[in-house]
>>> print(open('my_file-v9.cif').read())   # mmCIF, N, CA and C atoms
data_query
#
loop_
_atom_site.label_atom_id
_atom_site.label_comp_id
_atom_site.auth_asym_id
_atom_site.auth_seq_id
_atom_site.Cartn_x
_atom_site.Cartn_y
_atom_site.Cartn_z
N MET P 13 101.15 97.52 105.16
CA MET P 13 101.29 98.63 106.08
C MET P 13 102.61 98.50 106.85
N THR P 14 103.34 99.57 106.96
CA THR P 14 104.59 99.58 107.72
C THR P 14 104.28 99.55 109.20
N LYS P 15 104.93 98.61 109.92
CA LYS P 15 104.66 98.42 111.34
C LYS P 15 105.78 98.98 112.19
N ILE P 16 105.37 99.75 113.20
CA ILE P 16 106.30 100.37 114.14
C ILE P 16 106.04 99.80 115.53
N MET P 17 107.09 99.48 116.28
CA MET P 17 106.95 99.12 117.69
C MET P 17 107.48 100.30 118.49
N LEU P 18 106.63 100.84 119.37
CA LEU P 18 106.97 101.99 120.20
C LEU P 18 106.95 101.58 121.66
N ALA P 19 108.07 101.74 122.35
CA ALA P 19 108.14 101.45 123.78
C ALA P 19 108.55 102.71 124.53
N ASP P 20 107.66 103.19 125.38
CA ASP P 20 107.92 104.37 126.20
C ASP P 20 107.02 104.30 127.41
N ASP P 21 107.53 104.64 128.58
CA ASP P 21 106.74 104.55 129.80
C ASP P 21 105.88 105.79 130.06
N GLU P 22 105.97 106.79 129.21
CA GLU P 22 105.14 107.99 129.36
C GLU P 22 103.91 107.87 128.46
N PRO P 23 102.71 107.66 129.06
CA PRO P 23 101.50 107.48 128.25
C PRO P 23 101.20 108.65 127.32
N ALA P 24 101.42 109.87 127.78
CA ALA P 24 101.11 111.04 126.93
C ALA P 24 102.02 111.08 125.71
N LEU P 25 103.29 110.76 125.87
CA LEU P 25 104.21 110.76 124.74
C LEU P 25 103.89 109.60 123.79
N ARG P 26 103.57 108.43 124.34
CA ARG P 26 103.18 107.31 123.48
C ARG P 26 101.95 107.69 122.64
N PHE P 27 100.98 108.35 123.27
CA PHE P 27 99.77 108.75 122.56
C PHE P 27 100.12 109.72 121.43
N LEU P 28 100.94 110.73 121.72
CA LEU P 28 101.31 111.73 120.72
C LEU P 28 102.05 111.08 119.54
N ILE P 29 103.00 110.23 119.83
CA ILE P 29 103.77 109.57 118.77
C ILE P 29 102.88 108.63 117.96
N THR P 30 102.08 107.84 118.65
CA THR P 30 101.19 106.90 117.95
C THR P 30 100.23 107.64 117.04
N GLU P 31 99.61 108.70 117.53
CA GLU P 31 98.66 109.47 116.72
C GLU P 31 99.35 110.07 115.50
N THR P 32 100.54 110.63 115.70
CA THR P 32 101.29 111.24 114.60
C THR P 32 101.60 110.20 113.52
N LEU P 33 102.09 109.04 113.93
CA LEU P 33 102.45 108.00 112.96
C LEU P 33 101.21 107.37 112.32
N ALA P 34 100.17 107.14 113.10
CA ALA P 34 98.95 106.52 112.57
C ALA P 34 98.28 107.43 111.54
N GLU P 35 98.31 108.73 111.78
CA GLU P 35 97.73 109.68 110.82
C GLU P 35 98.43 109.62 109.47
N GLU P 36 99.68 109.17 109.47
CA GLU P 36 100.45 109.07 108.24
C GLU P 36 100.43 107.65 107.66
N GLY P 37 99.59 106.79 108.23
CA GLY P 37 99.41 105.46 107.66
C GLY P 37 100.26 104.36 108.26
N TYR P 38 101.00 104.63 109.31
CA TYR P 38 101.80 103.60 109.96
C TYR P 38 100.94 102.83 110.95
N GLY P 39 101.22 101.54 111.09
CA GLY P 39 100.62 100.73 112.15
C GLY P 39 101.55 100.75 113.34
N VAL P 40 101.04 101.06 114.52
CA VAL P 40 101.88 101.18 115.71
C VAL P 40 101.40 100.23 116.80
N LYS P 41 102.34 99.46 117.36
CA LYS P 41 102.09 98.65 118.55
C LYS P 41 102.86 99.29 119.68
N GLU P 42 102.21 99.43 120.83
CA GLU P 42 102.83 100.11 121.97
C GLU P 42 103.22 99.14 123.08
N ALA P 43 104.32 99.47 123.75
CA ALA P 43 104.75 98.80 124.97
C ALA P 43 105.04 99.88 126.00
N GLU P 44 104.71 99.61 127.25
CA GLU P 44 104.93 100.65 128.27
C GLU P 44 106.17 100.42 129.12
N ASP P 45 106.89 99.32 128.86
CA ASP P 45 108.17 99.12 129.55
C ASP P 45 109.05 98.19 128.70
N GLY P 46 110.27 97.99 129.16
CA GLY P 46 111.21 97.20 128.38
C GLY P 46 110.84 95.74 128.24
N ARG P 47 110.28 95.15 129.28
CA ARG P 47 109.89 93.73 129.20
C ARG P 47 108.76 93.52 128.20
N GLU P 48 107.79 94.43 128.20
CA GLU P 48 106.70 94.34 127.22
C GLU P 48 107.24 94.52 125.81
N ALA P 49 108.23 95.40 125.65
CA ALA P 49 108.86 95.60 124.33
C ALA P 49 109.50 94.30 123.85
N VAL P 50 110.21 93.61 124.73
CA VAL P 50 110.84 92.34 124.36
C VAL P 50 109.78 91.33 123.94
N ARG P 51 108.69 91.24 124.69
CA ARG P 51 107.61 90.30 124.34
C ARG P 51 107.06 90.59 122.94
N LEU P 52 106.82 91.87 122.65
CA LEU P 52 106.32 92.24 121.32
C LEU P 52 107.34 91.89 120.24
N LEU P 53 108.60 92.19 120.49
CA LEU P 53 109.64 91.92 119.50
C LEU P 53 109.85 90.43 119.26
N GLN P 54 109.52 89.61 120.25
CA GLN P 54 109.62 88.15 120.09
C GLN P 54 108.44 87.60 119.30
N SER P 55 107.30 88.29 119.35
CA SER P 55 106.08 87.71 118.79
C SER P 55 105.66 88.29 117.44
N GLU P 56 106.18 89.46 117.07
CA GLU P 56 105.77 90.10 115.82
C GLU P 56 106.97 90.68 115.09
N SER P 57 106.79 90.87 113.79
CA SER P 57 107.82 91.50 112.98
C SER P 57 107.47 92.98 112.78
N PHE P 58 108.46 93.85 112.93
CA PHE P 58 108.27 95.29 112.77
C PHE P 58 109.26 95.83 111.74
N ASP P 59 108.93 96.99 111.19
CA ASP P 59 109.81 97.64 110.21
C ASP P 59 110.76 98.63 110.88
N VAL P 60 110.31 99.27 111.96
CA VAL P 60 111.12 100.22 112.72
C VAL P 60 110.77 100.04 114.19
N VAL P 61 111.77 100.15 115.06
CA VAL P 61 111.59 100.02 116.50
C VAL P 61 111.97 101.35 117.14
N ILE P 62 111.08 101.87 118.00
CA ILE P 62 111.34 103.12 118.72
C ILE P 62 111.34 102.79 120.21
N LEU P 63 112.45 103.08 120.88
CA LEU P 63 112.61 102.76 122.30
C LEU P 63 112.97 104.00 123.10
N ASP P 64 112.34 104.16 124.25
CA ASP P 64 112.75 105.18 125.20
C ASP P 64 114.01 104.68 125.91
N TYR P 65 114.94 105.56 126.15
CA TYR P 65 116.19 105.19 126.81
C TYR P 65 115.93 104.70 128.23
N MET P 66 115.17 105.48 129.00
CA MET P 66 114.95 105.16 130.42
C MET P 66 113.52 104.66 130.61
N MET P 67 113.39 103.33 130.77
CA MET P 67 112.10 102.69 131.02
C MET P 67 112.24 101.74 132.19
N PRO P 68 111.12 101.43 132.85
CA PRO P 68 111.15 100.40 133.90
C PRO P 68 111.43 99.02 133.30
N GLU P 69 111.82 98.10 134.15
CA GLU P 69 112.09 96.70 133.80
C GLU P 69 113.38 96.56 133.01
N LEU P 70 113.40 97.03 131.78
CA LEU P 70 114.61 97.06 130.96
C LEU P 70 114.70 98.41 130.28
N THR P 71 115.90 98.97 130.21
CA THR P 71 116.07 100.25 129.52
C THR P 71 116.03 100.03 128.01
N GLY P 72 115.89 101.11 127.26
CA GLY P 72 115.94 101.02 125.81
C GLY P 72 117.27 100.46 125.32
N VAL P 73 118.34 100.82 126.00
CA VAL P 73 119.67 100.30 125.64
C VAL P 73 119.72 98.79 125.86
N GLU P 74 119.17 98.32 126.98
CA GLU P 74 119.16 96.88 127.25
C GLU P 74 118.30 96.13 126.24
N VAL P 75 117.16 96.70 125.88
CA VAL P 75 116.31 96.07 124.87
C VAL P 75 117.04 96.02 123.53
N CYS P 76 117.71 97.10 123.18
CA CYS P 76 118.44 97.16 121.91
C CYS P 76 119.58 96.13 121.90
N GLU P 77 120.32 96.02 123.00
CA GLU P 77 121.39 95.02 123.09
C GLU P 77 120.82 93.62 122.92
N TRP P 78 119.71 93.34 123.62
CA TRP P 78 119.05 92.03 123.50
C TRP P 78 118.64 91.77 122.05
N LEU P 79 118.03 92.77 121.43
CA LEU P 79 117.54 92.63 120.06
C LEU P 79 118.67 92.28 119.09
N ARG P 80 119.78 92.96 119.21
CA ARG P 80 120.91 92.74 118.30
C ARG P 80 121.58 91.39 118.51
N ARG P 81 121.44 90.81 119.72
CA ARG P 81 122.04 89.49 120.02
C ARG P 81 121.11 88.34 119.64
N THR P 82 119.84 88.62 119.46
CA THR P 82 118.83 87.58 119.29
C THR P 82 118.58 87.28 117.83
N ASP P 83 118.45 85.98 117.54
CA ASP P 83 118.04 85.60 116.19
C ASP P 83 116.54 85.78 116.09
N GLY P 84 116.12 86.64 115.20
CA GLY P 84 114.69 86.86 115.03
C GLY P 84 114.45 87.85 113.91
N ASP P 85 113.18 88.02 113.56
CA ASP P 85 112.82 88.90 112.45
C ASP P 85 113.27 90.34 112.65
N ASN P 86 113.36 90.78 113.89
CA ASN P 86 113.62 92.20 114.16
C ASN P 86 115.08 92.53 114.44
N ARG P 87 115.93 91.53 114.41
CA ARG P 87 117.33 91.71 114.78
C ARG P 87 118.02 92.87 114.05
N ASP P 88 117.79 92.97 112.76
CA ASP P 88 118.50 93.98 111.97
C ASP P 88 117.63 95.19 111.60
N LYS P 89 116.48 95.31 112.23
CA LYS P 89 115.58 96.44 111.93
C LYS P 89 116.14 97.72 112.56
N PRO P 90 115.84 98.87 111.94
CA PRO P 90 116.33 100.13 112.50
C PRO P 90 115.72 100.40 113.87
N VAL P 91 116.55 100.90 114.78
CA VAL P 91 116.12 101.24 116.14
C VAL P 91 116.39 102.72 116.38
N ILE P 92 115.34 103.43 116.78
CA ILE P 92 115.47 104.83 117.20
C ILE P 92 115.39 104.86 118.71
N LEU P 93 116.39 105.45 119.36
CA LEU P 93 116.37 105.59 120.81
C LEU P 93 115.99 107.02 121.15
N LEU P 94 114.93 107.17 121.93
CA LEU P 94 114.47 108.48 122.39
C LEU P 94 114.99 108.70 123.80
N THR P 95 115.49 109.90 124.08
CA THR P 95 116.05 110.11 125.41
C THR P 95 116.10 111.58 125.81
N ALA P 96 116.08 111.79 127.12
CA ALA P 96 116.34 113.12 127.67
C ALA P 96 117.82 113.24 128.01
N LYS P 97 118.56 112.15 127.88
CA LYS P 97 119.99 112.13 128.20
C LYS P 97 120.77 112.64 126.99
N ALA P 98 121.36 113.80 127.14
CA ALA P 98 121.98 114.47 125.99
C ALA P 98 123.51 114.43 126.01
N GLN P 99 124.10 113.74 126.97
CA GLN P 99 125.56 113.69 127.02
C GLN P 99 126.11 112.73 125.97
N GLN P 100 127.28 113.04 125.48
CA GLN P 100 127.90 112.23 124.44
C GLN P 100 128.10 110.79 124.88
N LYS P 101 128.44 110.57 126.16
CA LYS P 101 128.66 109.19 126.64
C LYS P 101 127.38 108.37 126.54
N ASP P 102 126.21 109.01 126.74
CA ASP P 102 124.94 108.30 126.62
C ASP P 102 124.67 107.92 125.16
N LYS P 103 124.97 108.85 124.26
CA LYS P 103 124.80 108.57 122.83
C LYS P 103 125.74 107.45 122.40
N ASP P 104 126.99 107.51 122.87
CA ASP P 104 127.96 106.47 122.53
C ASP P 104 127.49 105.10 123.02
N GLN P 105 126.90 105.06 124.22
CA GLN P 105 126.40 103.80 124.77
C GLN P 105 125.25 103.27 123.92
N ALA P 106 124.37 104.15 123.47
CA ALA P 106 123.23 103.74 122.64
C ALA P 106 123.71 103.19 121.29
N ILE P 107 124.66 103.87 120.68
CA ILE P 107 125.18 103.42 119.38
C ILE P 107 125.91 102.09 119.55
N ALA P 108 126.67 101.95 120.64
CA ALA P 108 127.38 100.68 120.90
C ALA P 108 126.39 99.53 121.10
N ALA P 109 125.20 99.83 121.63
CA ALA P 109 124.18 98.81 121.85
C ALA P 109 123.49 98.41 120.54
N GLY P 110 123.69 99.22 119.49
CA GLY P 110 123.11 98.88 118.20
C GLY P 110 122.02 99.81 117.72
N ALA P 111 121.81 100.92 118.44
CA ALA P 111 120.80 101.88 117.99
C ALA P 111 121.20 102.47 116.65
N THR P 112 120.22 102.65 115.78
CA THR P 112 120.47 103.23 114.46
C THR P 112 120.51 104.74 114.55
N GLU P 113 119.58 105.30 115.32
CA GLU P 113 119.47 106.76 115.50
C GLU P 113 119.20 107.06 116.96
N TYR P 114 119.52 108.29 117.36
CA TYR P 114 119.41 108.74 118.74
C TYR P 114 118.73 110.10 118.69
N MET P 115 117.55 110.23 119.31
CA MET P 115 116.80 111.48 119.25
C MET P 115 116.60 112.02 120.67
N ILE P 116 117.03 113.26 120.89
CA ILE P 116 116.98 113.87 122.22
C ILE P 116 115.64 114.58 122.44
N LYS P 117 115.02 114.29 123.60
CA LYS P 117 113.78 114.95 124.01
C LYS P 117 114.13 116.33 124.55
N PRO P 118 113.29 117.31 124.39
CA PRO P 118 112.05 117.27 123.61
C PRO P 118 112.36 117.35 122.12
N PHE P 119 111.50 116.73 121.33
CA PHE P 119 111.65 116.75 119.88
C PHE P 119 110.28 116.98 119.27
N SER P 120 110.27 117.39 118.04
CA SER P 120 109.02 117.59 117.33
C SER P 120 108.54 116.24 116.81
N PRO P 121 107.26 115.93 116.96
CA PRO P 121 106.74 114.68 116.38
C PRO P 121 106.98 114.62 114.87
N LEU P 122 107.02 115.78 114.22
CA LEU P 122 107.28 115.80 112.78
C LEU P 122 108.72 115.40 112.47
N GLN P 123 109.66 115.77 113.35
CA GLN P 123 111.05 115.32 113.18
C GLN P 123 111.12 113.81 113.28
N LEU P 124 110.40 113.25 114.25
CA LEU P 124 110.39 111.80 114.40
C LEU P 124 109.75 111.14 113.18
N LEU P 125 108.68 111.72 112.68
CA LEU P 125 108.01 111.19 111.49
C LEU P 125 108.96 111.17 110.31
N GLU P 126 109.72 112.25 110.10
CA GLU P 126 110.69 112.30 109.00
C GLU P 126 111.75 111.20 109.15
N LEU P 127 112.19 110.99 110.37
CA LEU P 127 113.20 109.96 110.64
C LEU P 127 112.61 108.57 110.37
N VAL P 128 111.40 108.32 110.83
CA VAL P 128 110.74 107.03 110.58
C VAL P 128 110.55 106.83 109.09
N ASP P 129 110.10 107.87 108.38
CA ASP P 129 109.94 107.78 106.93
C ASP P 129 111.25 107.35 106.25
N ARG P 130 112.33 107.97 106.68
CA ARG P 130 113.64 107.67 106.08
C ARG P 130 114.07 106.24 106.39
N LEU P 131 113.93 105.82 107.64
CA LEU P 131 114.37 104.48 108.04
C LEU P 131 113.47 103.38 107.47
N ALA P 132 112.21 103.71 107.25
CA ALA P 132 111.27 102.72 106.69
C ALA P 132 111.34 102.70 105.17
N GLY P 133 112.19 103.51 104.61
CA GLY P 133 112.35 103.54 103.15
C GLY P 133 111.19 104.20 102.42
N GLY P 134 110.48 105.07 103.14
CA GLY P 134 109.36 105.79 102.52
C GLY P 134 108.10 104.96 102.33
N ALA P 135 108.16 103.70 102.76
CA ALA P 135 106.97 102.83 102.62
C ALA P 135 106.04 103.01 103.81
N ARG P 136 104.73 103.05 103.51
CA ARG P 136 103.76 103.14 104.60
C ARG P 136 102.69 102.12 104.44
#
>>> encode(input="my_file-v9.cif", output="structure tokens")
Amino acid sequence: MTKIMLADDEPALRFLITETLAEEGYGVKEAEDGREAVRLLQSESFDVVILDYMMPELTGVEVCEWLRRTDGDNRDKPVILLTAKAQQKDKDQAIAAGATEYMIKPFSPLQLLELVDRLAGGAR
């Protein structure tokens, strides 16, 4: 089963994304802030990482920077950054931190599913 790590501080959005991905056969582990995301990334291997840009404790950009600097199973895994920040400078900062993709809120859960499918290589 393809494993996804989802970190977002909005419970309703986490629920929507988790349900959408789980219905398609993905296994999803949730974190509600950046520190919890780091703990999960240190303890388990994932196929795709989804991070909210603005979270308590550590931002998605900070988690992504940490992930890319750290030796571990998840270092080179695809990272999708979700954000309401639509300015080019924010996207540039996310890409510089090592994000693979940048998705602006609001987005369709089906758009996210298509992106996860592509980054996971179609495996579920």
>>> atom_distance(input="my_file-v9.cif", atom1="atom CA of P:Val60", atom2="atom CA of P:Asn86")
8.5 Å
>>> residues_around(input="my_file-v9.cif", residues="P:Ala98", least_positions_apart="5", cutoff="8 Å", atoms="all atoms listed in the file", output="PyMOL selection string")
chain P and resi 103+115-117
>>> atom_distance(input="my_file-v9.cif", atom1="atom C of P:Tyr38", atom2="atom CA of P:Leu93")
18.5 Å
>>> resolve_selection(input="my_file-v9.cif", expression="the PyMOL selection byres ((chain P and resi 63-67) around 7)", output="MDAnalysis selection string")
chainID P and resid 17:21 44:46 61:62 68:73 91:96
>>> write_last_selection(input="my_file-v9.cif", atoms="N, CA and C atoms", output="tab-separated table (two decimals), keeping the file's coordinate frame")
chain	number	residue	atom	x	y	z
P	17	MET	N	107.09	99.48	116.28
P	17	MET	CA	106.95	99.12	117.69
P	17	MET	C	107.48	100.30	118.49
P	18	LEU	N	106.63	100.84	119.37
P	18	LEU	CA	106.97	101.99	120.20
P	18	LEU	C	106.95	101.58	121.66
P	19	ALA	N	108.07	101.74	122.35
P	19	ALA	CA	108.14	101.45	123.78
P	19	ALA	C	108.55	102.71	124.53
P	20	ASP	N	107.66	103.19	125.38
P	20	ASP	CA	107.92	104.37	126.20
P	20	ASP	C	107.02	104.30	127.41
P	21	ASP	N	107.53	104.64	128.58
P	21	ASP	CA	106.74	104.55	129.80
P	21	ASP	C	105.88	105.79	130.06
P	44	GLU	N	104.71	99.61	127.25
P	44	GLU	CA	104.93	100.65	128.27
P	44	GLU	C	106.17	100.42	129.12
P	45	ASP	N	106.89	99.32	128.86
P	45	ASP	CA	108.17	99.12	129.55
P	45	ASP	C	109.05	98.19	128.70
P	46	GLY	N	110.27	97.99	129.16
P	46	GLY	CA	111.21	97.20	128.38
P	46	GLY	C	110.84	95.74	128.24
P	61	VAL	N	111.77	100.15	115.06
P	61	VAL	CA	111.59	100.02	116.50
P	61	VAL	C	111.97	101.35	117.14
P	62	ILE	N	111.08	101.87	118.00
P	62	ILE	CA	111.34	103.12	118.72
P	62	ILE	C	111.34	102.79	120.21
P	68	PRO	N	111.12	101.43	132.85
P	68	PRO	CA	111.15	100.40	133.90
P	68	PRO	C	111.43	99.02	133.30
P	69	GLU	N	111.82	98.10	134.15
P	69	GLU	CA	112.09	96.70	133.80
P	69	GLU	C	113.38	96.56	133.01
P	70	LEU	N	113.40	97.03	131.78
P	70	LEU	CA	114.61	97.06	130.96
P	70	LEU	C	114.70	98.41	130.28
P	71	THR	N	115.90	98.97	130.21
P	71	THR	CA	116.07	100.25	129.52
P	71	THR	C	116.03	100.03	128.01
P	72	GLY	N	115.89	101.11	127.26
P	72	GLY	CA	115.94	101.02	125.81
P	72	GLY	C	117.27	100.46	125.32
P	73	VAL	N	118.34	100.82	126.00
P	73	VAL	CA	119.67	100.30	125.64
P	73	VAL	C	119.72	98.79	125.86
P	91	VAL	N	116.55	100.90	114.78
P	91	VAL	CA	116.12	101.24	116.14
P	91	VAL	C	116.39	102.72	116.38
P	92	ILE	N	115.34	103.43	116.78
P	92	ILE	CA	115.47	104.83	117.20
P	92	ILE	C	115.39	104.86	118.71
P	93	LEU	N	116.39	105.45	119.36
P	93	LEU	CA	116.37	105.59	120.81
P	93	LEU	C	115.99	107.02	121.15
P	94	LEU	N	114.93	107.17	121.93
P	94	LEU	CA	114.47	108.48	122.39
P	94	LEU	C	114.99	108.70	123.80
P	95	THR	N	115.49	109.90	124.08
P	95	THR	CA	116.05	110.11	125.41
P	95	THR	C	116.10	111.58	125.81
P	96	ALA	N	116.08	111.79	127.12
P	96	ALA	CA	116.34	113.12	127.67
P	96	ALA	C	117.82	113.24	128.01
>>> closest_residue(input="my_file-v9.cif", among="P:Leu28, P:Asp88, P:Cys76, P:Pro23", to="P:Phe119", atoms="only C-alpha atoms")
P:Leu28
>>> resolve_selection(input="my_file-v9.cif", expression="the PyMOL selection byres ((chain P and resi 129-134) around 8)", output="list in words")
Thr14, Asp59, Val60, Pro90, Val91, Gln123, Leu124, Leu125, Glu126, Leu127, Val128, Ala135 and Arg136 of chain P
>>> write_last_selection(input="my_file-v9.cif", atoms="N, CA and C atoms", output="PDB file, in the frame of the given file")
ATOM      1  N   THR P  14     103.340  99.570 106.960  1.00  0.00           N
ATOM      2  CA  THR P  14     104.590  99.580 107.720  1.00  0.00           C
ATOM      3  C   THR P  14     104.280  99.550 109.200  1.00  0.00           C
ATOM      4  N   ASP P  59     108.930  96.990 111.190  1.00  0.00           N
ATOM      5  CA  ASP P  59     109.810  97.640 110.210  1.00  0.00           C
ATOM      6  C   ASP P  59     110.760  98.630 110.880  1.00  0.00           C
ATOM      7  N   VAL P  60     110.310  99.270 111.960  1.00  0.00           N
ATOM      8  CA  VAL P  60     111.120 100.220 112.720  1.00  0.00           C
ATOM      9  C   VAL P  60     110.770 100.040 114.190  1.00  0.00           C
ATOM     10  N   PRO P  90     115.840  98.870 111.940  1.00  0.00           N
ATOM     11  CA  PRO P  90     116.330 100.130 112.500  1.00  0.00           C
ATOM     12  C   PRO P  90     115.720 100.400 113.870  1.00  0.00           C
ATOM     13  N   VAL P  91     116.550 100.900 114.780  1.00  0.00           N
ATOM     14  CA  VAL P  91     116.120 101.240 116.140  1.00  0.00           C
ATOM     15  C   VAL P  91     116.390 102.720 116.380  1.00  0.00           C
ATOM     16  N   GLN P 123     109.660 115.770 113.350  1.00  0.00           N
ATOM     17  CA  GLN P 123     111.050 115.320 113.180  1.00  0.00           C
ATOM     18  C   GLN P 123     111.120 113.810 113.280  1.00  0.00           C
ATOM     19  N   LEU P 124     110.400 113.250 114.250  1.00  0.00           N
ATOM     20  CA  LEU P 124     110.390 111.800 114.400  1.00  0.00           C
ATOM     21  C   LEU P 124     109.750 111.140 113.180  1.00  0.00           C
ATOM     22  N   LEU P 125     108.680 111.720 112.680  1.00  0.00           N
ATOM     23  CA  LEU P 125     108.010 111.190 111.490  1.00  0.00           C
ATOM     24  C   LEU P 125     108.960 111.170 110.310  1.00  0.00           C
ATOM     25  N   GLU P 126     109.720 112.250 110.100  1.00  0.00           N
ATOM     26  CA  GLU P 126     110.690 112.300 109.000  1.00  0.00           C
ATOM     27  C   GLU P 126     111.750 111.200 109.150  1.00  0.00           C
ATOM     28  N   LEU P 127     112.190 110.990 110.370  1.00  0.00           N
ATOM     29  CA  LEU P 127     113.200 109.960 110.640  1.00  0.00           C
ATOM     30  C   LEU P 127     112.610 108.570 110.370  1.00  0.00           C
ATOM     31  N   VAL P 128     111.400 108.320 110.830  1.00  0.00           N
ATOM     32  CA  VAL P 128     110.740 107.030 110.580  1.00  0.00           C
ATOM     33  C   VAL P 128     110.550 106.830 109.090  1.00  0.00           C
ATOM     34  N   ALA P 135     108.160 103.700 102.760  1.00  0.00           N
ATOM     35  CA  ALA P 135     106.970 102.830 102.620  1.00  0.00           C
ATOM     36  C   ALA P 135     106.040 103.010 103.810  1.00  0.00           C
ATOM     37  N   ARG P 136     104.730 103.050 103.510  1.00  0.00           N
ATOM     38  CA  ARG P 136     103.760 103.140 104.600  1.00  0.00           C
ATOM     39  C   ARG P 136     102.690 102.120 104.440  1.00  0.00           C
TER      40      ARG P 136
END
>>> select_by_dssp(input="my_file-v9.cif", residues="chain P", states="strand (DSSP E)", output="list of chain:residue names")
P:Lys15, P:Ile16, P:Met17, P:Leu18, P:Ala19, P:Gly39, P:Val40, P:Lys41, P:Glu42, P:Ala43, P:Val60, P:Val61, P:Ile62, P:Leu63, P:Asp64, P:Val91, P:Ile92, P:Leu93, P:Leu94, P:Thr95, P:Glu113, P:Tyr114, P:Met115, P:Ile116
>>> write_last_selection(input="my_file-v9.cif", atoms="N, CA and C atoms", output="compact mmCIF listing (two decimals), in the frame of the given file")
# COMPACT_ATOMS: atom_id res chain seq x y z
N LYS P 15 104.93 98.61 109.92
CA LYS P 15 104.66 98.42 111.34
C LYS P 15 105.78 98.98 112.19
N ILE P 16 105.37 99.75 113.20
CA ILE P 16 106.30 100.37 114.14
C ILE P 16 106.04 99.80 115.53
N MET P 17 107.09 99.48 116.28
CA MET P 17 106.95 99.12 117.69
C MET P 17 107.48 100.30 118.49
N LEU P 18 106.63 100.84 119.37
CA LEU P 18 106.97 101.99 120.20
C LEU P 18 106.95 101.58 121.66
N ALA P 19 108.07 101.74 122.35
CA ALA P 19 108.14 101.45 123.78
C ALA P 19 108.55 102.71 124.53
N GLY P 39 101.22 101.54 111.09
CA GLY P 39 100.62 100.73 112.15
C GLY P 39 101.55 100.75 113.34
N VAL P 40 101.04 101.06 114.52
CA VAL P 40 101.88 101.18 115.71
C VAL P 40 101.40 100.23 116.80
N LYS P 41 102.34 99.46 117.36
CA LYS P 41 102.09 98.65 118.55
C LYS P 41 102.86 99.29 119.68
N GLU P 42 102.21 99.43 120.83
CA GLU P 42 102.83 100.11 121.97
C GLU P 42 103.22 99.14 123.08
N ALA P 43 104.32 99.47 123.75
CA ALA P 43 104.75 98.80 124.97
C ALA P 43 105.04 99.88 126.00
N VAL P 60 110.31 99.27 111.96
CA VAL P 60 111.12 100.22 112.72
C VAL P 60 110.77 100.04 114.19
N VAL P 61 111.77 100.15 115.06
CA VAL P 61 111.59 100.02 116.50
C VAL P 61 111.97 101.35 117.14
N ILE P 62 111.08 101.87 118.00
CA ILE P 62 111.34 103.12 118.72
C ILE P 62 111.34 102.79 120.21
N LEU P 63 112.45 103.08 120.88
CA LEU P 63 112.61 102.76 122.30
C LEU P 63 112.97 104.00 123.10
N ASP P 64 112.34 104.16 124.25
CA ASP P 64 112.75 105.18 125.20
C ASP P 64 114.01 104.68 125.91
N VAL P 91 116.55 100.90 114.78
CA VAL P 91 116.12 101.24 116.14
C VAL P 91 116.39 102.72 116.38
N ILE P 92 115.34 103.43 116.78
CA ILE P 92 115.47 104.83 117.20
C ILE P 92 115.39 104.86 118.71
N LEU P 93 116.39 105.45 119.36
CA LEU P 93 116.37 105.59 120.81
C LEU P 93 115.99 107.02 121.15
N LEU P 94 114.93 107.17 121.93
CA LEU P 94 114.47 108.48 122.39
C LEU P 94 114.99 108.70 123.80
N THR P 95 115.49 109.90 124.08
CA THR P 95 116.05 110.11 125.41
C THR P 95 116.10 111.58 125.81
N GLU P 113 119.58 105.30 115.32
CA GLU P 113 119.47 106.76 115.50
C GLU P 113 119.20 107.06 116.96
N TYR P 114 119.52 108.29 117.36
CA TYR P 114 119.41 108.74 118.74
C TYR P 114 118.73 110.10 118.69
N MET P 115 117.55 110.23 119.31
CA MET P 115 116.80 111.48 119.25
C MET P 115 116.60 112.02 120.67
N ILE P 116 117.03 113.26 120.89
CA ILE P 116 116.98 113.87 122.22
C ILE P 116 115.64 114.58 122.44
>>> atom_distance(input="my_file-v9.cif", atom1="atom CA of P:Lys101", atom2="atom CA of P:Ser120")
23.3 Å
>>> closest_residue(input="my_file-v9.cif", among="P:Gln105, P:Thr112, P:Thr82, P:Gln100", to="P:Gln54", atoms="only C-alpha atoms")
P:Thr82
>>> select_by_dssp(input="my_file-v9.cif", residues="stretch 50-102 of chain P", states="alpha helix (DSSP H)", output="VMD selection string")
chain P and resid 50 to 55 72 to 81 100 to 102
>>> residues_around(input="my_file-v9.cif", residues="P:Glu77", least_positions_apart="4", cutoff="8 Å", atoms="only C-alpha atoms", output="list of chain:residue names")
P:Val73, P:Arg81, P:Ala109, P:Gly110
>>> closest_residue(input="my_file-v9.cif", among="P:Leu79, P:Val40, P:Met13, P:Val50", to="P:Arg26", atoms="only C-alpha atoms")
P:Val40
